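*Asks:* Input file: structure11.txt. Contents: compact mmCIF, C-alpha atoms.
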# COMPACT_ATOMS: atom_id res chain seq x y z
CA MET S 1 77.01 182.37 117.84
CA LYS S 2 75.54 183.81 121.03
CA LYS S 3 73.93 180.52 121.99
CA PHE S 4 77.15 178.67 121.29
CA SER S 5 79.13 181.04 123.49
CA TRP S 6 76.76 180.54 126.43
CA LEU S 7 76.98 176.79 125.96
CA LEU S 8 80.75 176.98 126.11
CA ALA S 9 80.52 179.04 129.28
CA LEU S 10 78.28 176.40 130.86
CA LEU S 11 80.73 173.66 129.89
CA PHE S 12 83.39 175.42 131.95
CA ILE S 13 81.16 176.18 134.92
CA VAL S 14 79.38 172.85 135.43
CA PRO S 15 82.51 170.68 135.92
CA SER S 16 83.89 173.12 138.45
CA ILE S 17 80.69 172.94 140.49
CA THR S 18 80.59 169.16 140.39
CA GLN S 19 84.36 168.78 141.07
CA ALA S 20 84.89 165.93 143.58
CA GLU S 21 85.77 167.04 147.10
CA GLU S 22 88.81 165.73 148.97
CA PHE S 23 87.73 163.59 151.90
CA LEU S 24 89.75 162.54 154.93
CA TYR S 25 88.90 160.04 157.66
CA VAL S 26 89.55 160.57 161.36
CA MET S 27 91.91 157.88 162.66
CA SER S 28 92.47 159.04 166.25
CA ALA S 29 90.03 157.95 168.92
CA ARG S 30 89.08 161.59 169.54
CA ALA S 31 90.47 164.16 167.13
CA LYS S 32 90.34 167.77 168.27
CA LEU S 33 88.87 170.14 165.70
CA LEU S 34 90.72 173.38 166.44
CA GLU S 35 89.89 176.99 165.59
CA SER S 36 93.36 177.65 164.17
CA PRO S 37 96.26 175.46 163.01
CA LYS S 38 98.26 175.40 166.22
CA PHE S 39 98.36 173.48 169.48
CA GLY S 40 96.73 175.36 172.33
CA SER S 41 94.06 176.78 170.02
CA THR S 42 90.42 176.58 171.14
CA THR S 43 88.78 173.19 170.55
CA ILE S 44 85.58 173.52 168.49
CA GLU S 45 84.63 169.89 169.09
CA ASN S 46 86.06 166.36 169.35
CA ILE S 47 85.48 164.22 166.26
CA SER S 48 85.17 160.45 166.64
CA LYS S 49 87.25 157.81 164.86
CA GLY S 50 86.06 156.88 161.36
CA VAL S 51 84.18 160.12 160.69
CA LYS S 52 84.56 161.41 157.13
CA VAL S 53 85.41 165.10 156.81
CA SER S 54 85.85 167.35 153.80
CA ALA S 55 89.36 168.83 153.47
CA VAL S 56 89.69 172.28 152.01
CA GLU S 57 93.26 173.33 152.77
CA LYS S 58 96.60 172.01 154.01
CA LYS S 59 99.09 174.02 156.04
CA GLU S 60 102.27 172.26 157.18
CA ASN S 61 101.06 169.62 159.67
CA TRP S 62 97.43 170.72 159.63
CA TYR S 63 94.34 170.18 157.51
CA LYS S 64 91.49 172.67 157.35
CA VAL S 65 88.32 170.59 157.24
CA LYS S 66 84.58 170.96 157.14
CA HIS S 67 82.55 168.79 159.48
CA ASN S 68 78.78 169.20 159.59
CA ASP S 69 78.39 172.96 159.60
CA LYS S 70 81.71 173.67 161.26
CA THR S 71 85.11 174.47 159.81
CA GLY S 72 88.31 173.95 161.76
CA TRP S 73 91.78 172.42 161.75
CA LEU S 74 92.88 168.82 162.39
CA SER S 75 96.43 167.60 162.97
CA ARG S 76 97.81 165.47 160.11
CA LEU S 77 98.48 162.74 162.69
CA SER S 78 94.78 162.29 163.32
CA VAL S 79 93.57 161.78 159.74
CA SER S 80 94.06 159.45 156.80
CA SER S 81 93.00 159.43 153.17
CA HIS S 82 91.60 155.91 153.71
CA PRO S 83 88.84 154.80 156.09
CA PRO S 84 90.05 152.92 159.21
CA ILE S 85 90.74 149.19 158.73
CA LYS S 86 89.27 146.80 161.24
CA ARG S 87 91.84 144.89 163.27
CA SER S 88 92.46 141.44 161.86
CA ARG S 89 90.85 138.41 163.49
CA ARG S 90 92.89 135.87 161.55
CA LEU S 91 96.23 136.42 163.26
CA ALA S 92 95.79 133.93 166.10
CA LYS S 93 95.91 131.04 163.62
CA VAL S 94 99.07 132.38 162.07
CA ASP S 95 100.66 132.59 165.52
CA GLU S 96 100.47 128.79 165.72
CA LYS S 97 102.19 128.49 162.34
CA MET S 98 104.87 130.93 163.43
CA LYS S 99 105.51 129.00 166.62
CA SER S 100 105.82 125.65 164.90
CA ARG S 101 108.04 127.21 162.25
CA SER S 102 110.32 128.72 164.90
CA ARG S 103 110.59 125.31 166.61
CA ARG S 104 111.65 123.74 163.32
CA ARG S 105 114.12 126.56 162.77
CA ALA S 106 115.68 126.20 166.25
CA SER S 107 116.16 122.52 165.55
CA ALA S 108 117.77 123.34 162.18
CA VAL S 109 120.14 125.79 163.87
CA SER S 110 121.22 123.15 166.40
CA THR S 111 121.83 120.65 163.59
CA THR S 112 123.84 123.18 161.58
CA ALA S 113 125.90 124.05 164.64
CA ALA S 114 126.65 120.36 165.23
CA VAL S 115 127.64 119.83 161.59
CA ARG S 116 129.92 122.87 161.71
CA GLY S 117 131.53 121.43 164.85
CA LEU S 118 130.76 124.41 167.03
CA THR S 119 131.61 124.18 170.69
CA ASP S 120 128.85 124.34 173.30
CA ILE S 121 129.62 128.01 173.99
CA ASN S 122 129.53 128.95 170.31
CA ARG S 123 126.38 126.89 169.85
CA THR S 124 124.70 128.79 172.66
CA ARG S 125 125.70 132.08 171.00
CA VAL S 126 124.23 131.01 167.63
CA ASN S 127 121.06 129.84 169.34
CA ASN S 128 120.73 133.07 171.34
CA GLN S 129 121.03 135.21 168.21
CA ASP S 130 118.27 133.23 166.51
CA ARG S 131 116.22 132.45 169.59
CA MET S 132 112.57 133.46 169.54
CA ASP S 133 110.62 133.79 172.75
CA PHE S 134 106.97 133.24 171.84
CA VAL S 135 105.98 132.70 175.48
CA ALA S 136 107.04 136.27 176.31
CA LEU S 137 105.36 137.49 173.11
CA GLU S 138 102.09 135.81 174.11
CA LYS S 139 102.36 137.52 177.48
CA LEU S 140 102.53 140.89 175.71
CA ASP S 141 99.70 139.99 173.34
CA SER S 142 97.45 139.06 176.24
CA GLN S 143 97.71 142.56 177.73
CA VAL S 144 94.98 144.65 176.11
CA TYR S 145 93.74 147.91 177.61
CA SER S 146 90.25 149.33 177.16
CA GLU S 147 89.70 152.78 175.67
CA ASP S 148 87.89 153.78 178.88
CA GLU S 149 90.95 152.97 180.99
CA ILE S 150 93.24 154.82 178.55
CA PHE S 151 91.01 157.91 178.47
CA ALA S 152 90.77 157.93 182.28
CA PHE S 153 94.59 157.78 182.42
CA MET S 154 94.89 160.58 179.84
CA GLU S 155 92.67 162.85 181.90
CA GLN S 156 95.33 162.72 184.62
CA ILE S 157 98.08 164.05 182.32
CA LYS S 158 98.56 167.22 184.34
CA ASP S 159 100.96 168.76 186.85
CA MET H 160 85.58 191.84 109.91
CA MET H 161 85.91 190.79 113.52
CA SER H 162 86.80 194.30 114.63
CA SER H 163 83.84 195.83 112.83
CA GLU H 164 81.46 193.29 114.43
CA TRP H 165 83.04 194.04 117.85
CA ILE H 166 82.23 197.73 117.33
CA ARG H 167 78.71 197.16 116.02
CA LYS H 168 77.56 194.44 118.50
CA PRO H 169 79.85 194.43 121.52
CA LEU H 170 77.36 192.52 123.72
CA ARG H 171 77.68 189.45 121.50
CA PHE H 172 81.19 188.90 122.85
CA VAL H 173 80.30 189.11 126.53
CA PRO H 174 79.95 185.31 126.87
CA LEU H 175 83.37 184.80 125.26
CA LEU H 176 84.95 187.28 127.65
CA PHE H 177 83.15 185.52 130.49
CA ILE H 178 84.63 182.20 129.38
CA LEU H 179 88.13 183.66 129.22
CA ILE H 180 87.92 185.07 132.76
CA LEU H 181 86.37 181.90 134.14
CA SER H 182 88.83 179.57 132.46
CA THR H 183 91.78 181.54 133.86
CA SER H 184 90.47 181.59 137.41
CA PHE H 185 89.28 177.98 137.36
CA SER H 186 92.53 176.69 135.91
CA GLN H 187 94.29 178.32 138.88
CA LEU H 188 91.80 176.79 141.30
CA TRP H 189 92.13 173.36 139.71
CA ALA H 190 95.92 173.61 139.83
CA GLU H 191 95.78 174.52 143.53
CA GLU H 192 93.31 171.75 144.25
CA ALA H 193 95.36 169.18 142.32
CA ASN H 194 98.45 170.31 144.22
CA PHE H 195 96.57 170.04 147.53
CA ARG H 196 95.35 166.54 146.65
CA ALA H 197 98.82 165.46 145.61
CA ARG H 198 100.32 166.71 148.89
CA ALA H 199 97.51 165.15 150.93
CA HIS H 200 97.97 161.83 149.18
CA HIS H 201 101.75 161.97 149.64
CA ASP H 202 101.41 162.68 153.37
CA LEU H 203 98.67 160.18 154.04
CA SER H 204 99.63 157.36 151.71
CA THR H 205 100.94 155.09 154.47
CA VAL H 206 97.68 153.18 154.95
CA ASN H 207 97.40 150.02 152.88
CA SER H 208 95.11 147.05 152.46
CA VAL H 209 94.05 144.59 155.17
CA GLU H 210 96.51 142.06 153.67
CA ASP H 211 99.36 144.56 153.95
CA VAL H 212 98.55 145.25 157.60
CA GLU H 213 98.37 141.52 158.35
CA ALA H 214 101.72 140.98 156.65
CA GLU H 215 103.18 143.82 158.69
CA ILE H 216 101.88 142.32 161.95
CA LYS H 217 103.21 138.84 161.14
CA PHE H 218 106.62 140.21 160.20
CA GLY H 219 106.66 142.40 163.32
CA LYS H 220 105.65 139.53 165.61
CA THR H 221 108.59 137.44 164.41
CA ILE H 222 111.02 140.32 164.97
CA ALA H 223 109.49 140.97 168.41
CA ALA H 224 109.93 137.28 169.31
CA ARG H 225 113.59 137.56 168.27
CA ILE H 226 114.13 140.66 170.43
CA LEU H 227 112.48 138.83 173.35
CA GLY H 228 114.83 135.94 172.65
CA GLN H 229 117.77 138.23 173.34
CA PHE H 230 116.38 140.28 176.23
CA SER H 231 114.32 139.18 179.22
CA LEU H 232 111.21 141.06 180.21
CA TYR H 233 111.69 143.14 183.35
CA GLU H 234 109.51 141.56 186.03
CA ASP H 235 107.43 144.42 187.40
CA LYS H 236 103.71 144.14 186.68
CA SER H 237 102.77 147.62 187.88
CA LEU H 238 105.54 149.25 185.82
CA HIS H 239 104.45 147.31 182.71
CA HIS H 240 100.87 148.40 183.29
CA TYR H 241 101.96 152.03 183.67
CA VAL H 242 104.21 151.99 180.58
CA ASN H 243 101.35 150.45 178.56
CA LEU H 244 98.94 153.18 179.64
CA VAL H 245 101.41 155.94 178.73
CA GLY H 246 102.14 154.24 175.40
CA ASN H 247 98.52 153.56 174.53
CA SER H 248 97.58 157.16 175.38
CA LEU H 249 99.98 158.22 172.65
CA ALA H 250 99.00 155.42 170.26
CA ILE H 251 95.31 156.31 170.50
CA ASN H 252 96.26 159.74 169.12
CA SER H 253 98.31 158.31 166.28
CA SER H 254 96.93 157.36 162.88
CA ARG H 255 97.51 153.61 163.41
CA ASP H 256 94.20 152.40 164.72
CA ASP H 257 94.52 149.27 162.57
CA ILE H 258 97.04 147.66 164.92
CA GLN H 259 97.12 146.87 168.63
CA PHE H 260 100.14 148.44 170.33
CA HIS H 261 102.05 146.54 173.02
CA PHE H 262 104.70 148.08 175.25
CA ALA H 263 107.26 146.17 177.31
CA VAL H 264 110.19 146.93 179.63
CA LEU H 265 113.35 144.94 178.91
CA ASP H 266 115.72 143.89 181.67
CA SER H 267 118.79 145.54 180.17
CA GLU H 268 121.41 148.00 181.38
CA LEU H 269 121.75 149.50 177.88
CA ILE H 270 119.92 152.79 177.46
CA ASN H 271 117.78 152.13 174.40
CA ALA H 272 114.32 151.51 172.97
CA TYR H 273 113.18 149.48 169.98
CA SER H 274 110.03 149.07 167.95
CA THR H 275 108.92 146.49 165.42
CA PRO H 276 106.29 146.74 162.70
CA GLY H 277 102.86 145.71 163.87
CA GLY H 278 102.95 147.67 167.14
CA TYR H 279 105.57 146.21 169.50
CA VAL H 280 107.56 148.78 171.48
CA PHE H 281 110.39 147.87 173.86
CA ILE H 282 112.18 150.14 176.31
CA THR H 283 115.03 149.11 178.61
CA LYS H 284 114.92 149.59 182.36
CA ALA H 285 118.15 151.63 182.10
CA ALA H 286 116.40 154.03 179.73
CA ILE H 287 113.53 154.49 182.22
CA ARG H 288 115.98 154.92 185.11
CA ALA H 289 117.52 157.90 183.27
CA MET H 290 114.14 159.66 183.04
CA GLN H 291 112.84 162.37 185.34
CA ASP H 292 109.14 162.51 184.52
CA GLU H 293 106.29 160.90 182.56
CA SER H 294 106.65 163.27 179.60
CA GLU H 295 110.18 161.92 179.01
CA LEU H 296 108.87 158.34 179.05
CA ALA H 297 106.13 159.46 176.64
CA ALA H 298 108.76 161.10 174.41
CA VAL H 299 110.76 157.90 173.94
CA LEU H 300 107.62 155.81 173.37
CA ALA H 301 106.27 158.44 170.92
CA HIS H 302 109.52 158.26 168.93
CA GLU H 303 109.16 154.47 168.67
CA ILE H 304 105.44 154.71 167.81
CA ALA H 305 106.43 157.14 165.04
CA HIS H 306 108.77 154.55 163.46
CA ILE H 307 105.76 152.20 163.35
CA SER H 308 103.20 154.77 162.17
CA GLN H 309 105.57 156.01 159.44
CA LYS H 310 106.23 152.34 158.49
CA HIS H 311 110.01 152.81 158.24
CA ILE H 312 110.85 149.09 158.45
CA VAL H 313 107.83 148.06 156.37
CA LYS H 314 108.86 150.39 153.56
CA GLU H 315 112.54 149.49 153.68
CA PHE H 316 111.92 145.73 153.56
CA LYS H 317 108.95 146.10 151.19
CA ILE H 318 106.60 144.11 153.41
CA LYS H 319 103.39 143.63 151.47
CA GLY H 320 100.54 141.19 151.74
CA SER H 321 99.98 140.55 148.08
CA GLU H 322 102.79 141.64 145.73
CA LYS H 323 105.18 139.06 144.37
CA SER H 324 108.48 140.75 145.26
CA ALA H 325 111.28 139.17 147.30
CA THR H 326 109.88 139.72 150.80
CA ALA H 327 106.32 140.43 149.77
CA GLY H 328 103.46 138.07 150.43
CA VAL H 329 104.42 137.35 154.01
CA THR H 330 101.26 135.32 154.37
CA ARG H 331 102.45 133.04 151.58
CA LEU H 332 105.97 132.88 152.99
CA LEU H 333 104.78 131.82 156.42
CA GLY H 334 102.34 129.26 155.12
CA SER H 335 104.63 127.91 152.42
CA SER H 336 106.35 124.57 152.78
CA GLN H 337 109.10 125.53 150.32
CA SER H 338 112.45 126.04 151.98
CA SER H 339 113.46 128.80 149.52
CA THR H 340 110.53 131.00 150.59
CA LYS H 341 111.31 130.34 154.26
CA VAL H 342 114.91 131.40 153.68
CA LEU H 343 113.72 134.68 152.13
CA PHE H 344 111.48 135.42 155.08
CA THR H 345 114.15 134.47 157.62
CA LYS H 346 116.71 136.63 155.84
CA ALA H 347 114.36 139.63 155.92
CA VAL H 348 113.77 139.07 159.66
CA ASP H 349 117.54 138.70 160.27
CA ASN H 350 118.24 141.97 158.48
CA ALA H 351 115.44 143.79 160.29
CA VAL H 352 116.70 142.57 163.71
CA LYS H 353 120.24 143.62 162.78
CA LYS H 354 118.97 147.03 161.76
CA LEU H 355 117.05 147.52 164.99
CA LEU H 356 119.69 146.24 167.39
CA SER H 357 122.97 147.36 165.84
CA VAL H 358 122.85 149.30 162.56
CA GLY H 359 120.01 151.70 163.33
CA PHE H 360 117.53 153.54 161.12
CA LYS H 361 118.49 155.96 158.35
CA GLU H 362 119.09 159.50 159.62
CA ILE H 363 116.13 160.82 157.64
CA ASP H 364 113.85 158.22 159.31
CA GLU H 365 115.16 159.07 162.79
CA LEU H 366 114.55 162.78 162.26
CA GLU H 367 111.07 162.10 160.87
CA ALA H 368 110.33 159.95 163.94
CA ASP H 369 111.48 162.82 166.19
CA LYS H 370 109.23 165.27 164.34
CA THR H 371 106.20 162.98 164.51
CA ALA H 372 106.93 162.24 168.18
CA LEU H 373 106.93 165.93 169.01
CA LEU H 374 103.52 166.40 167.37
CA LEU H 375 102.20 163.24 169.03
CA LEU H 376 103.34 164.46 172.46
CA ALA H 377 101.58 167.79 171.96
CA SER H 378 98.42 166.09 170.62
CA THR H 379 98.30 163.84 173.69
CA GLY H 380 98.97 166.70 176.09
CA TYR H 381 102.58 166.02 177.13
CA ASP H 382 105.42 168.55 177.19
CA PRO H 383 106.89 168.29 173.65
CA ASN H 384 110.26 169.60 174.87
CA SER H 385 110.68 166.40 176.89
CA LEU H 386 112.37 164.61 173.97
CA SER H 387 115.14 167.24 173.71
CA ARG H 388 115.59 167.25 177.50
CA TYR H 389 115.96 163.47 177.62
CA LEU H 390 118.27 163.32 174.59
CA GLY H 391 120.56 165.91 176.18
CA ARG H 392 120.72 163.95 179.44
CA ILE H 393 121.40 160.53 177.92
CA LYS H 394 124.08 162.00 175.67
CA LYS H 395 126.05 162.82 178.81
CA LEU H 396 125.27 159.43 180.38
CA LYS H 397 126.25 157.47 177.25
CA THR H 398 129.45 159.49 176.83
CA SER H 399 130.53 158.71 180.39
CA SER H 400 129.43 155.07 180.70
CA HIS H 401 129.28 153.75 177.13
CA GLY H 402 132.02 155.73 175.39
CA LYS H 403 132.65 153.02 172.81
CA HIS H 404 129.01 152.07 172.35
CA LYS H 405 128.11 152.12 168.66
CA PRO H 406 125.53 154.86 168.04
CA THR H 407 122.28 153.81 166.33
CA HIS H 408 120.90 157.36 166.06
CA PRO H 409 122.01 160.62 164.38
CA PRO H 410 124.15 163.07 166.42
CA THR H 411 122.20 164.36 169.43
CA ASN H 412 122.89 168.01 168.56
CA THR H 413 121.35 167.52 165.10
CA ARG H 414 118.26 165.98 166.67
CA ILE H 415 117.89 168.68 169.33
CA ASN H 416 118.34 171.49 166.77
CA THR H 417 115.76 169.90 164.46
CA LEU H 418 113.30 169.51 167.33
CA ALA H 419 113.78 173.16 168.35
CA HIS H 420 113.09 174.27 164.78
CA ILE H 421 109.86 172.23 164.61
CA ALA H 422 108.73 173.48 168.03
CA ARG H 423 109.20 177.07 166.85
CA SER H 424 107.37 176.53 163.55
CA GLU H 425 104.47 174.87 165.39
CA GLN H 426 104.47 177.73 167.96
CA LEU H 427 104.95 175.19 170.72
CA ASP H 428 107.86 176.97 172.39
CA ASN H 429 105.59 179.44 174.20
CA LEU H 430 103.03 176.91 175.44
CA LYS H 431 103.05 175.28 178.84
CA PHE H 432 102.50 171.52 178.83
CA PRO H 433 102.56 169.11 181.81
CA ARG H 434 105.59 166.92 182.59
CA VAL H 435 103.71 164.70 185.10
CA ALA H 436 106.60 164.14 187.50
CA ILE H 437 104.57 163.06 190.56
CA ARG H 438 102.80 160.09 188.91
CA PHE H 439 106.09 159.00 187.31
CA ALA H 440 107.89 159.06 190.68
CA LYS H 441 105.59 156.26 191.92
CA TYR H 442 107.04 153.92 189.31
CA SER H 443 110.62 155.16 189.07
CA LEU H 444 113.37 152.54 189.16
CA LYS H 445 116.17 152.45 191.69
Would you write out, as structure tokens, the structure that this file holds?
*Replies:*
Amino acid sequence: MKKFSWLLALLFIVPSITQAEEFLYVMSARAKLLESPKFGSTTIENISKGVKVSAVEKKENWYKVKHNDKTGWLSRLSVSSHPPIKRSRRLAKVDEKMKSRSRRRASAVSTTAAVRGLTDINRTRVNNQDRMDFVALEKLDSQVYSEDEIFAFMEQIKD
Amino acid sequence: MMSSEWIRKPLRFVPLLFILILSTSFSQLWAEEANFRARAHHDLSTVNSVEDVEAEIKFGKTIAARILGQFSLYEDKSLHHYVNLVGNSLAINSSRDDIQFHFAVLDSELINAYSTPGGYVFITKAAIRAMQDESELAAVLAHEIAHISQKHIVKEFKIKGSEKSATAGVTRLLGSSQSSTKVLFTKAVDNAVKKLLSVGFKEIDELEADKTALLLLASTGYDPNSLSRYLGRIKKLKTSSHGKHKPTHPPTNTRINTLAHIARSEQLDNLKFPRVAIRFAKYSLK
């Protein structure tokens, strides 16, 4: 009976010790690990993107986490329950498909407008509503800023 | 019999007592931990697979191209550069590292800003003209980034990379030669454009975007009160110049009151953050 009781006790204790921890992944480029869950609190250290931390508590918009030997608070905006996903490399090819599809669609709109007997003014309105400007979109896509330039800019956020 | 044994050999029951105490305390701990995990998962469940992100980007690109079909880009390279640096400073502190953010100024006299899934954020030159400092520009961009990071459009239109629902499988829809699938995709884009340009987001989404924006501003180092300041100013401007303009956002007072409540609960109201008026003045519009 005594041995059985101790065995039962062990059965309760062992799973609790081996219980899986909750892990979070840092998504921000530099997440501030703060001493307490509020802005303006002392920064313990900056944690880099992709680092896995162990979460122990949640308070409103903050997570209490363990990182190496330190415990502190991270904003919910800077973490995710999934590791970061690499940015896709396959999208350029799709852009070509999208462009050709939009050209076909513009042509279809013009044909429909002609069939419906729309005047030139009305036809322009229909075309404007459906018009896609991929040249302007490519212009936006071509503008990419380095993290170094962004961090240098951020350092000047002061009065 | 049990009671007599208890009296004769009380030590025999120590392990049972131990189990009882442990099971009570551990069940509480497990309940708390399960609750914590559930809340964490609920809050952080916006990240999906690579296919989902690709579908989001493709859908967003098409909507962005449609917006650019209706508005011209404002031709000012240095202003675009500046707006992109402010926007990317915020984006780098958001949880959406899986997408590249792009910011653009539209040549429009309407005071407004728009964002599409996949990271495209548009702000009109009239909206910038109504601003007084960089923190106000950051506030509007942060609100738009929040719509993207919280995936408001993606969730509403069920944009997925793999599921076989109406608008899901954007990759398939774009690559498909079947006209029925093209019609589905085009319809989803039409509805999303209509939502962005005239109907507006649901009130709950707008207020969530405000809340996230406020936290994003503080995380980046900008004055989080800038959003309330700007909303108050444009309310007056829109009332005087666009009295019959259809509102695409909840009442300004509701938004300002909600923001004040969040600022108090986050203990932000007593902190001093920069507004960065001098740098902004170099780029201000006439």
*Asks:* With distances taken over all atoms listed in the file, which residue among H:Ile258, H:Ala368, H:Ile282, H:Ile222 lies nearest His306 in chain H?
*Replies:*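 Of H:Ile258, H:Ala368, H:Ile282, H:Ile222, the one nearest His306 in chain H, counting all atoms listed in the file, is H:Ala368.
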*Asks:* Would you list the residues near (82.8, 177.1, 161.0), meaning any protein, DNA or RNA residue with an atom at most 12 Å from that point in file coordinates, counting only C-alpha atoms, as a list in words?
*Replies:* Leu33, Leu34, Glu35, Ser36, Thr43, Ile44, Glu45, Lys64, Val65, Lys66, His67, Asn68, Asp69, Lys70, Thr71, Gly72 and Trp73 of chain S
*Asks:* So which one's closest to Gly219 in chain H, H:Arg414, H:Arg423, H:Lys310, H:Lys236? Using all atoms listed in the file, please.
*Replies:*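 Closest to Gly219 in chain H of all the choices is H:Lys310.
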*Asks:* Compile the contact shell of range 350-356 of chain H as a ChimeraX atom specification: residues with an atom at most 8 Å away, counting only C-alpha atoms, same-chain residues fewer than 5 positions apart removed.
*Replies:* /H:222,225-226,273-274,312,316
*Asks:* Within 12 Å of range 135-138 of chain S, which residues of range 252-273 of chain H show up? Give each one with its shortest atom-to-atom distance in Å (one decimal) and the two atoms involved, counting only C-alpha atoms, rows by chain then rising residue number, as CSV.
*Replies:*
residue,atom,partner,partner_atom,distance
H:His261,CA,S:Leu137,CA,9.6
H:Phe262,CA,S:Leu137,CA,10.8
H:Ala263,CA,S:Leu137,CA,9.8
H:Val264,CA,S:Ala136,CA,11.6
H:Leu265,CA,S:Ala136,CA,11.0
